[in-house]
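File shown here: final01.txt, holding compact mmCIF, N, CA and C atoms.
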# COMPACT_ATOMS: atom_id res chain seq x y z
N MET A 311 0.82 -1.19 0.00
CA MET A 311 0.00 0.00 0.00
C MET A 311 0.87 1.26 0.00
N GLN A 312 1.97 1.25 0.71
CA GLN A 312 2.76 2.46 0.79
C GLN A 312 3.37 2.81 -0.56
N HIS A 313 3.73 1.83 -1.35
CA HIS A 313 4.40 2.09 -2.61
C HIS A 313 3.46 2.66 -3.67
N ILE A 314 2.21 2.35 -3.60
CA ILE A 314 1.28 2.87 -4.61
C ILE A 314 1.11 4.38 -4.48
N ALA A 315 1.39 4.94 -3.33
CA ALA A 315 1.26 6.38 -3.12
C ALA A 315 2.56 7.15 -3.35
N ASP A 316 3.64 6.44 -3.68
CA ASP A 316 4.91 7.12 -3.93
C ASP A 316 4.75 8.09 -5.10
N GLU A 317 5.26 9.29 -4.91
CA GLU A 317 5.24 10.35 -5.91
C GLU A 317 3.83 10.79 -6.32
N ALA A 318 2.84 10.45 -5.53
CA ALA A 318 1.47 10.90 -5.81
C ALA A 318 1.31 12.33 -5.34
N GLU A 319 0.69 13.16 -6.18
CA GLU A 319 0.42 14.54 -5.80
C GLU A 319 -0.84 14.64 -4.96
N HIS A 320 -1.77 13.73 -5.19
CA HIS A 320 -3.03 13.73 -4.44
C HIS A 320 -3.34 12.31 -3.99
N ILE A 321 -3.80 12.20 -2.74
CA ILE A 321 -4.30 10.93 -2.21
C ILE A 321 -5.73 11.22 -1.78
N TYR A 322 -6.67 10.66 -2.52
CA TYR A 322 -8.08 10.90 -2.24
C TYR A 322 -8.67 9.70 -1.52
N ILE A 323 -9.45 9.96 -0.47
CA ILE A 323 -10.17 8.87 0.17
C ILE A 323 -11.67 9.08 -0.05
N ALA A 324 -12.33 8.01 -0.42
CA ALA A 324 -13.79 8.03 -0.59
C ALA A 324 -14.38 7.76 0.78
N LEU A 325 -14.98 8.77 1.38
CA LEU A 325 -15.51 8.63 2.74
C LEU A 325 -16.70 7.70 2.76
N GLY A 326 -16.88 7.03 3.87
CA GLY A 326 -17.96 6.06 3.98
C GLY A 326 -17.55 4.72 3.40
N ALA A 327 -18.48 3.81 3.32
CA ALA A 327 -18.20 2.46 2.83
C ALA A 327 -18.39 2.36 1.32
N THR A 328 -17.58 1.53 0.71
CA THR A 328 -17.66 1.25 -0.73
C THR A 328 -17.94 -0.23 -0.91
N ASP A 329 -18.80 -0.55 -1.87
CA ASP A 329 -19.13 -1.94 -2.21
C ASP A 329 -17.89 -2.58 -2.84
N PHE A 330 -17.31 -3.56 -2.17
CA PHE A 330 -16.08 -4.18 -2.65
C PHE A 330 -16.31 -5.23 -3.73
N ARG A 331 -17.54 -5.37 -4.20
CA ARG A 331 -17.77 -6.20 -5.38
C ARG A 331 -17.29 -5.46 -6.62
N LYS A 332 -17.10 -4.14 -6.50
CA LYS A 332 -16.60 -3.33 -7.61
C LYS A 332 -15.10 -3.56 -7.78
N GLN A 333 -14.70 -3.66 -9.02
CA GLN A 333 -13.28 -3.82 -9.35
C GLN A 333 -12.77 -2.52 -9.97
N GLN A 334 -11.71 -2.58 -10.79
CA GLN A 334 -11.08 -1.38 -11.34
C GLN A 334 -12.08 -0.48 -12.05
N ASN A 335 -12.83 -1.02 -12.99
CA ASN A 335 -13.73 -0.19 -13.79
C ASN A 335 -14.84 0.42 -12.95
N GLY A 336 -15.38 -0.33 -12.02
CA GLY A 336 -16.44 0.18 -11.15
C GLY A 336 -15.95 1.29 -10.23
N LEU A 337 -14.74 1.12 -9.68
CA LEU A 337 -14.16 2.15 -8.81
C LEU A 337 -13.78 3.39 -9.62
N ALA A 338 -13.27 3.18 -10.83
CA ALA A 338 -12.95 4.32 -11.69
C ALA A 338 -14.21 5.09 -12.05
N ALA A 339 -15.32 4.38 -12.24
CA ALA A 339 -16.60 5.05 -12.54
C ALA A 339 -17.05 5.89 -11.35
N ILE A 340 -16.88 5.39 -10.13
CA ILE A 340 -17.22 6.18 -8.93
C ILE A 340 -16.40 7.46 -8.90
N VAL A 341 -15.10 7.33 -9.16
CA VAL A 341 -14.22 8.50 -9.15
C VAL A 341 -14.68 9.54 -10.17
N ALA A 342 -15.00 9.09 -11.38
CA ALA A 342 -15.35 10.01 -12.46
C ALA A 342 -16.76 10.58 -12.30
N LEU A 343 -17.73 9.71 -12.05
CA LEU A 343 -19.13 10.14 -12.06
C LEU A 343 -19.59 10.75 -10.74
N LYS A 344 -19.20 10.14 -9.64
CA LYS A 344 -19.68 10.61 -8.34
C LYS A 344 -18.84 11.76 -7.79
N PHE A 345 -17.52 11.64 -7.92
CA PHE A 345 -16.63 12.63 -7.33
C PHE A 345 -16.12 13.67 -8.33
N LYS A 346 -16.42 13.47 -9.62
CA LYS A 346 -16.03 14.42 -10.67
C LYS A 346 -14.51 14.64 -10.73
N LEU A 347 -13.76 13.56 -10.53
CA LEU A 347 -12.30 13.60 -10.62
C LEU A 347 -11.86 12.69 -11.77
N ASP A 348 -10.64 12.88 -12.24
CA ASP A 348 -10.12 12.09 -13.35
C ASP A 348 -9.40 10.85 -12.83
N PRO A 349 -9.98 9.65 -13.02
CA PRO A 349 -9.31 8.44 -12.54
C PRO A 349 -8.04 8.12 -13.33
N HIS A 350 -7.87 8.73 -14.50
CA HIS A 350 -6.69 8.49 -15.32
C HIS A 350 -5.54 9.44 -15.00
N ALA A 351 -5.69 10.23 -13.96
CA ALA A 351 -4.59 11.11 -13.52
C ALA A 351 -3.58 10.24 -12.78
N GLY A 352 -2.46 9.99 -13.40
CA GLY A 352 -1.45 9.11 -12.81
C GLY A 352 -0.82 9.65 -11.55
N THR A 353 -1.06 10.93 -11.26
CA THR A 353 -0.48 11.52 -10.07
C THR A 353 -1.43 11.43 -8.87
N SER A 354 -2.55 10.75 -9.04
CA SER A 354 -3.55 10.63 -7.97
C SER A 354 -3.77 9.17 -7.58
N VAL A 355 -3.97 8.96 -6.30
CA VAL A 355 -4.32 7.65 -5.76
C VAL A 355 -5.70 7.79 -5.11
N PHE A 356 -6.56 6.81 -5.34
CA PHE A 356 -7.91 6.82 -4.80
C PHE A 356 -8.07 5.64 -3.85
N LEU A 357 -8.47 5.93 -2.61
CA LEU A 357 -8.61 4.89 -1.59
C LEU A 357 -10.08 4.68 -1.25
N PHE A 358 -10.43 3.41 -1.04
CA PHE A 358 -11.79 3.01 -0.70
C PHE A 358 -11.73 2.03 0.47
N CYS A 359 -12.77 2.01 1.28
CA CYS A 359 -12.83 1.10 2.43
C CYS A 359 -14.15 0.33 2.38
N ASN A 360 -14.13 -0.92 2.83
CA ASN A 360 -15.36 -1.71 2.84
C ASN A 360 -16.23 -1.38 4.05
N LYS A 361 -17.41 -1.96 4.09
CA LYS A 361 -18.39 -1.65 5.14
C LYS A 361 -17.89 -2.05 6.53
N ARG A 362 -17.18 -3.18 6.62
CA ARG A 362 -16.68 -3.65 7.92
C ARG A 362 -15.42 -2.92 8.36
N ARG A 363 -14.87 -2.07 7.49
CA ARG A 363 -13.67 -1.28 7.76
C ARG A 363 -12.44 -2.12 8.07
N ASN A 364 -12.39 -3.33 7.49
CA ASN A 364 -11.22 -4.18 7.71
C ASN A 364 -10.41 -4.40 6.43
N ALA A 365 -10.78 -3.68 5.35
CA ALA A 365 -10.05 -3.79 4.09
C ALA A 365 -10.07 -2.46 3.35
N LEU A 366 -8.96 -2.17 2.67
CA LEU A 366 -8.82 -0.97 1.85
C LEU A 366 -8.50 -1.39 0.43
N ARG A 367 -8.92 -0.56 -0.51
CA ARG A 367 -8.50 -0.72 -1.91
C ARG A 367 -7.93 0.60 -2.38
N ALA A 368 -6.81 0.52 -3.08
CA ALA A 368 -6.17 1.70 -3.66
C ALA A 368 -6.16 1.53 -5.17
N LEU A 369 -6.59 2.58 -5.87
CA LEU A 369 -6.66 2.57 -7.33
C LEU A 369 -5.77 3.67 -7.87
N ARG A 370 -4.95 3.31 -8.87
CA ARG A 370 -4.07 4.31 -9.49
C ARG A 370 -3.85 3.94 -10.95
N TRP A 371 -3.84 4.94 -11.81
CA TRP A 371 -3.54 4.76 -13.22
C TRP A 371 -2.03 4.81 -13.39
N ASP A 372 -1.45 3.82 -14.07
CA ASP A 372 0.01 3.81 -14.23
C ASP A 372 0.47 4.12 -15.66
N GLY A 373 -0.42 4.66 -16.46
CA GLY A 373 -0.04 5.07 -17.81
C GLY A 373 -0.67 4.21 -18.90
N ASN A 374 -0.84 2.91 -18.62
CA ASN A 374 -1.47 2.05 -19.61
C ASN A 374 -2.50 1.11 -19.00
N GLY A 375 -2.86 1.35 -17.76
CA GLY A 375 -3.88 0.54 -17.10
C GLY A 375 -3.98 0.91 -15.63
N PHE A 376 -5.00 0.38 -14.99
CA PHE A 376 -5.20 0.64 -13.57
C PHE A 376 -4.46 -0.39 -12.73
N VAL A 377 -3.92 0.07 -11.62
CA VAL A 377 -3.35 -0.81 -10.60
C VAL A 377 -4.34 -0.78 -9.44
N LEU A 378 -4.77 -1.95 -9.00
CA LEU A 378 -5.70 -2.06 -7.88
C LEU A 378 -5.03 -2.90 -6.80
N VAL A 379 -4.84 -2.30 -5.64
CA VAL A 379 -4.18 -2.97 -4.52
C VAL A 379 -5.19 -3.08 -3.38
N THR A 380 -5.22 -4.25 -2.74
CA THR A 380 -6.11 -4.47 -1.60
C THR A 380 -5.28 -4.78 -0.37
N LYS A 381 -5.64 -4.16 0.75
CA LYS A 381 -5.03 -4.50 2.04
C LYS A 381 -6.14 -4.95 2.96
N SER A 382 -6.02 -6.17 3.48
CA SER A 382 -7.01 -6.72 4.41
C SER A 382 -6.36 -6.91 5.77
N LEU A 383 -7.04 -6.46 6.80
CA LEU A 383 -6.54 -6.62 8.17
C LEU A 383 -6.96 -7.97 8.72
N THR A 384 -6.21 -8.45 9.69
CA THR A 384 -6.51 -9.73 10.30
C THR A 384 -7.29 -9.54 11.60
N ASP A 385 -7.88 -10.61 12.06
CA ASP A 385 -8.59 -10.66 13.34
C ASP A 385 -9.66 -9.57 13.44
N GLU A 386 -9.67 -8.87 14.54
CA GLU A 386 -10.70 -7.85 14.80
C GLU A 386 -10.20 -6.43 14.55
N MET A 387 -9.12 -6.30 13.82
CA MET A 387 -8.56 -4.98 13.54
C MET A 387 -9.45 -4.23 12.54
N LYS A 388 -9.51 -2.90 12.70
CA LYS A 388 -10.32 -2.07 11.82
C LYS A 388 -9.57 -0.78 11.49
N PHE A 389 -9.87 -0.23 10.31
CA PHE A 389 -9.36 1.08 9.94
C PHE A 389 -10.26 2.15 10.54
N GLN A 390 -9.69 3.25 10.95
CA GLN A 390 -10.46 4.39 11.47
C GLN A 390 -10.87 5.25 10.28
N TRP A 391 -11.84 4.77 9.53
CA TRP A 391 -12.23 5.40 8.28
C TRP A 391 -13.31 6.44 8.52
N PRO A 392 -13.16 7.65 7.96
CA PRO A 392 -14.20 8.68 8.12
C PRO A 392 -15.54 8.19 7.53
N LYS A 393 -16.64 8.55 8.17
CA LYS A 393 -17.94 7.98 7.82
C LYS A 393 -18.83 8.86 6.96
N ASN A 394 -18.40 10.05 6.57
CA ASN A 394 -19.25 10.96 5.79
C ASN A 394 -19.51 10.35 4.41
N GLN A 395 -20.55 9.57 4.29
CA GLN A 395 -20.85 8.83 3.07
C GLN A 395 -21.01 9.76 1.87
N GLY A 396 -20.42 9.37 0.75
CA GLY A 396 -20.62 10.08 -0.50
C GLY A 396 -19.69 11.25 -0.75
N GLU A 397 -18.74 11.49 0.13
CA GLU A 397 -17.81 12.60 -0.06
C GLU A 397 -16.42 12.05 -0.36
N VAL A 398 -15.58 12.92 -0.90
CA VAL A 398 -14.19 12.56 -1.16
C VAL A 398 -13.32 13.61 -0.47
N ARG A 399 -12.14 13.18 -0.04
CA ARG A 399 -11.25 14.08 0.69
C ARG A 399 -9.82 13.85 0.24
N ASP A 400 -9.07 14.92 0.07
CA ASP A 400 -7.66 14.86 -0.30
C ASP A 400 -6.85 14.85 1.00
N ILE A 401 -6.02 13.83 1.20
CA ILE A 401 -5.22 13.73 2.42
C ILE A 401 -3.74 13.74 2.07
N SER A 402 -2.92 13.96 3.09
CA SER A 402 -1.47 13.97 2.90
C SER A 402 -0.92 12.55 3.08
N LYS A 403 0.35 12.38 2.70
CA LYS A 403 0.99 11.07 2.90
C LYS A 403 1.11 10.75 4.39
N ARG A 404 1.29 11.77 5.19
CA ARG A 404 1.37 11.58 6.64
C ARG A 404 0.03 11.05 7.17
N GLN A 405 -1.07 11.61 6.69
CA GLN A 405 -2.39 11.14 7.09
C GLN A 405 -2.64 9.72 6.60
N LEU A 406 -2.13 9.38 5.42
CA LEU A 406 -2.25 8.01 4.92
C LEU A 406 -1.53 7.04 5.85
N GLU A 407 -0.35 7.42 6.30
CA GLU A 407 0.40 6.57 7.24
C GLU A 407 -0.40 6.36 8.53
N TRP A 408 -0.99 7.43 9.05
CA TRP A 408 -1.82 7.29 10.26
C TRP A 408 -2.95 6.31 10.01
N LEU A 409 -3.61 6.46 8.88
CA LEU A 409 -4.73 5.60 8.54
C LEU A 409 -4.30 4.13 8.48
N LEU A 410 -3.17 3.87 7.84
CA LEU A 410 -2.68 2.50 7.72
C LEU A 410 -2.22 1.93 9.06
N GLU A 411 -1.87 2.80 10.00
CA GLU A 411 -1.47 2.35 11.33
C GLU A 411 -2.64 2.20 12.29
N GLY A 412 -3.85 2.43 11.80
CA GLY A 412 -5.03 2.26 12.63
C GLY A 412 -5.46 3.51 13.37
N LEU A 413 -4.87 4.64 13.01
CA LEU A 413 -5.22 5.90 13.66
C LEU A 413 -6.22 6.68 12.80
N GLN A 414 -6.83 7.69 13.40
CA GLN A 414 -7.73 8.55 12.66
C GLN A 414 -6.93 9.45 11.73
N VAL A 415 -7.56 9.86 10.65
CA VAL A 415 -6.92 10.74 9.67
C VAL A 415 -6.60 12.08 10.30
N ASP A 416 -7.48 12.57 11.15
CA ASP A 416 -7.28 13.86 11.82
C ASP A 416 -6.71 13.64 13.21
N GLN A 417 -5.44 13.96 13.37
CA GLN A 417 -4.78 13.86 14.66
C GLN A 417 -4.61 15.28 15.20
N LYS A 418 -5.48 15.67 16.10
CA LYS A 418 -5.52 17.04 16.59
C LYS A 418 -4.26 17.44 17.36
N LYS A 419 -3.58 16.46 17.99
CA LYS A 419 -2.41 16.78 18.80
C LYS A 419 -1.09 16.57 18.06
N ALA A 420 -1.17 16.22 16.79
CA ALA A 420 0.06 16.00 16.01
C ALA A 420 0.74 17.33 15.72
N HIS A 421 2.04 17.30 15.68
CA HIS A 421 2.79 18.50 15.31
C HIS A 421 2.56 18.77 13.83
N PRO A 422 2.53 20.03 13.43
CA PRO A 422 2.32 20.35 12.01
C PRO A 422 3.50 19.88 11.16
N ASP A 423 3.23 19.64 9.86
CA ASP A 423 4.29 19.23 8.94
C ASP A 423 5.36 20.30 8.80
N SER A 424 4.94 21.55 8.84
CA SER A 424 5.90 22.65 8.72
C SER A 424 5.42 23.81 9.59
N VAL A 425 6.36 24.65 9.95
CA VAL A 425 6.07 25.80 10.80
C VAL A 425 6.43 27.06 10.03
N ASP A 426 5.57 28.07 10.08
CA ASP A 426 5.82 29.35 9.43
C ASP A 426 6.91 30.08 10.21
N THR A 427 8.04 30.33 9.57
CA THR A 427 9.16 30.97 10.24
C THR A 427 9.31 32.45 9.85
N VAL A 428 8.35 32.96 9.11
CA VAL A 428 8.40 34.37 8.72
C VAL A 428 8.28 35.22 9.97
N GLY A 429 9.17 36.17 10.13
CA GLY A 429 9.10 37.07 11.28
C GLY A 429 9.87 36.59 12.50
N ILE A 430 10.47 35.41 12.46
CA ILE A 430 11.26 34.92 13.59
C ILE A 430 12.63 35.57 13.52
N ILE A 431 13.05 36.17 14.61
CA ILE A 431 14.36 36.82 14.66
C ILE A 431 15.23 36.08 15.67
N TYR A 432 16.45 35.81 15.27
CA TYR A 432 17.38 35.10 16.16
C TYR A 432 18.42 36.04 16.68
Can you turn what I pasted into structure tokens?
Amino acid sequence: MQHIADEAEHIYIALGATDFRKQQNGLAAIVALKFKLDPHAGTSVFLFCNKRRNALRALRWDGNGFVLVTKSLTDEMKFQWPKNQGEVRDISKRQLEWLLEGLQVDQKKAHPDSVDTVGIIY
């Protein structure tokens, strides 16, 4: 899962549950028709989660076809997937790592990725 997001400019997550009977073409149709995004943008990764929140699918165009990767958790483990059904959200690679580690996408106590240093005098 981590490698599919390498060099991606955008990582989009489809909030809520997705029917995992859908394969590449069905997921690409959701991206294009429901979210109004281009599934053929090779710089974007699209993530989907099943209803039980124990599996993820990542979809990415690699120039001549779609790559579809599935990650399934074992036992009673679950992803902390946002529940706002029918929406899409652009997340950072750091947020993707949190998600894959079982944490929520929004970590309120996390340090920011960068700090504005304008106006700091030493």
Using all atoms listed in the file, which protein or nucleic acid residues come within 6.5 Å of region 339-353 of chain A? Drop anything in the same chain fewer than 2 positions from it, and give the result as a ChimeraX atom specification. /A:317-320,334-337,355,370-373
Got time to write the residues from that selection, N, CA and C atoms, as a PDB file, in the frame of the given file?
ATOM      1  N   GLU A 317       5.260   9.290  -4.910  1.00  0.00           N
ATOM      2  CA  GLU A 317       5.240  10.350  -5.910  1.00  0.00           C
ATOM      3  C   GLU A 317       3.830  10.790  -6.320  1.00  0.00           C
ATOM      4  N   ALA A 318       2.840  10.450  -5.530  1.00  0.00           N
ATOM      5  CA  ALA A 318       1.470  10.900  -5.810  1.00  0.00           C
ATOM      6  C   ALA A 318       1.310  12.330  -5.340  1.00  0.00           C
ATOM      7  N   GLU A 319       0.690  13.160  -6.180  1.00  0.00           N
ATOM      8  CA  GLU A 319       0.420  14.540  -5.800  1.00  0.00           C
ATOM      9  C   GLU A 319      -0.840  14.640  -4.960  1.00  0.00           C
ATOM     10  N   HIS A 320      -1.770  13.730  -5.190  1.00  0.00           N
ATOM     11  CA  HIS A 320      -3.030  13.730  -4.440  1.00  0.00           C
ATOM     12  C   HIS A 320      -3.340  12.310  -3.990  1.00  0.00           C
ATOM     13  N   GLN A 334     -11.710  -2.580 -10.790  1.00  0.00           N
ATOM     14  CA  GLN A 334     -11.080  -1.380 -11.340  1.00  0.00           C
ATOM     15  C   GLN A 334     -12.080  -0.480 -12.050  1.00  0.00           C
ATOM     16  N   ASN A 335     -12.830  -1.020 -12.990  1.00  0.00           N
ATOM     17  CA  ASN A 335     -13.730  -0.190 -13.790  1.00  0.00           C
ATOM     18  C   ASN A 335     -14.840   0.420 -12.950  1.00  0.00           C
ATOM     19  N   GLY A 336     -15.380  -0.330 -12.020  1.00  0.00           N
ATOM     20  CA  GLY A 336     -16.440   0.180 -11.150  1.00  0.00           C
ATOM     21  C   GLY A 336     -15.950   1.290 -10.230  1.00  0.00           C
ATOM     22  N   LEU A 337     -14.740   1.120  -9.680  1.00  0.00           N
ATOM     23  CA  LEU A 337     -14.160   2.150  -8.810  1.00  0.00           C
ATOM     24  C   LEU A 337     -13.780   3.390  -9.620  1.00  0.00           C
ATOM     25  N   VAL A 355      -3.970   8.960  -6.300  1.00  0.00           N
ATOM     26  CA  VAL A 355      -4.320   7.650  -5.760  1.00  0.00           C
ATOM     27  C   VAL A 355      -5.700   7.790  -5.110  1.00  0.00           C
ATOM     28  N   ARG A 370      -4.950   3.310  -8.870  1.00  0.00           N
ATOM     29  CA  ARG A 370      -4.070   4.310  -9.490  1.00  0.00           C
ATOM     30  C   ARG A 370      -3.850   3.940 -10.950  1.00  0.00           C
ATOM     31  N   TRP A 371      -3.840   4.940 -11.810  1.00  0.00           N
ATOM     32  CA  TRP A 371      -3.540   4.760 -13.220  1.00  0.00           C
ATOM     33  C   TRP A 371      -2.030   4.810 -13.390  1.00  0.00           C
ATOM     34  N   ASP A 372      -1.450   3.820 -14.070  1.00  0.00           N
ATOM     35  CA  ASP A 372       0.010   3.810 -14.230  1.00  0.00           C
ATOM     36  C   ASP A 372       0.470   4.120 -15.660  1.00  0.00           C
ATOM     37  N   GLY A 373      -0.420   4.660 -16.460  1.00  0.00           N
ATOM     38  CA  GLY A 373      -0.040   5.070 -17.810  1.00  0.00           C
ATOM     39  C   GLY A 373      -0.670   4.210 -18.900  1.00  0.00           C
TER      40      GLY A 373
END
Item to complete: Scan for residues within 8 Å of the point (-11.3, 3.9, 8.4) in the coordinates of the file, using all atoms listed in the file, and reply as an MDAnalysis selection string.
Response: chainID A and resid 326 359:360 362:364 388:393 409 412:415
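DSSP secondary structure from the backbone places Ser354, Val355, Phe356, Leu357, Phe358, Cys359, Ala365, Leu366, Arg367, Ala368, Leu369, Arg370, Trp371, Phe376 and Val377 of chain A of region 339-377 of chain A in strand (DSSP E).
When only N, CA and C atoms are used to measure the gap to Ala365 (chain A), the shortest distance among A:Val377, A:Asn394, A:Leu383, A:Glu407 belongs to A:Leu383.
Among the candidate residues A:Ile430, A:Ala338, A:Leu366, A:Val379, the one lying nearest to Ile314 (chain A) is A:Val379, with distances computed using only C-alpha atoms.
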task: Check the DSSP output for the backbone and give back, as a list in words, the residues of region 320-403 of chain A in helix (DSSP H, G or I).
output: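 For region 320-403 of chain A, the helix (DSSP H, G or I) set is Gln334, Asn335, Gly336, Leu337, Ala338, Ala339, Ile340, Val341, Ala342, Leu343, Lys344 and Lys403 of chain A.
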Given the choices A:Leu410, A:Ala315, A:Ala327, A:Arg367, which gets closest to Gly396 (chain A) if the distance is worked out from only N, CA and C atoms?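 Using only N, CA and C atoms, the shortest distance to Gly396 (chain A) belongs to A:Ala327.
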Taken to one decimal, the CA of Ala324 (chain A)-CA of Asn374 (chain A) distance is 23.4 Å
A straight line from atom N of Gly375 (chain A) to CA of Phe356 (chain A) spans 14.9 Å
Between atom C of Met387 (chain A) and CA of Ser354 (chain A) lies a distance of 26.0 Å
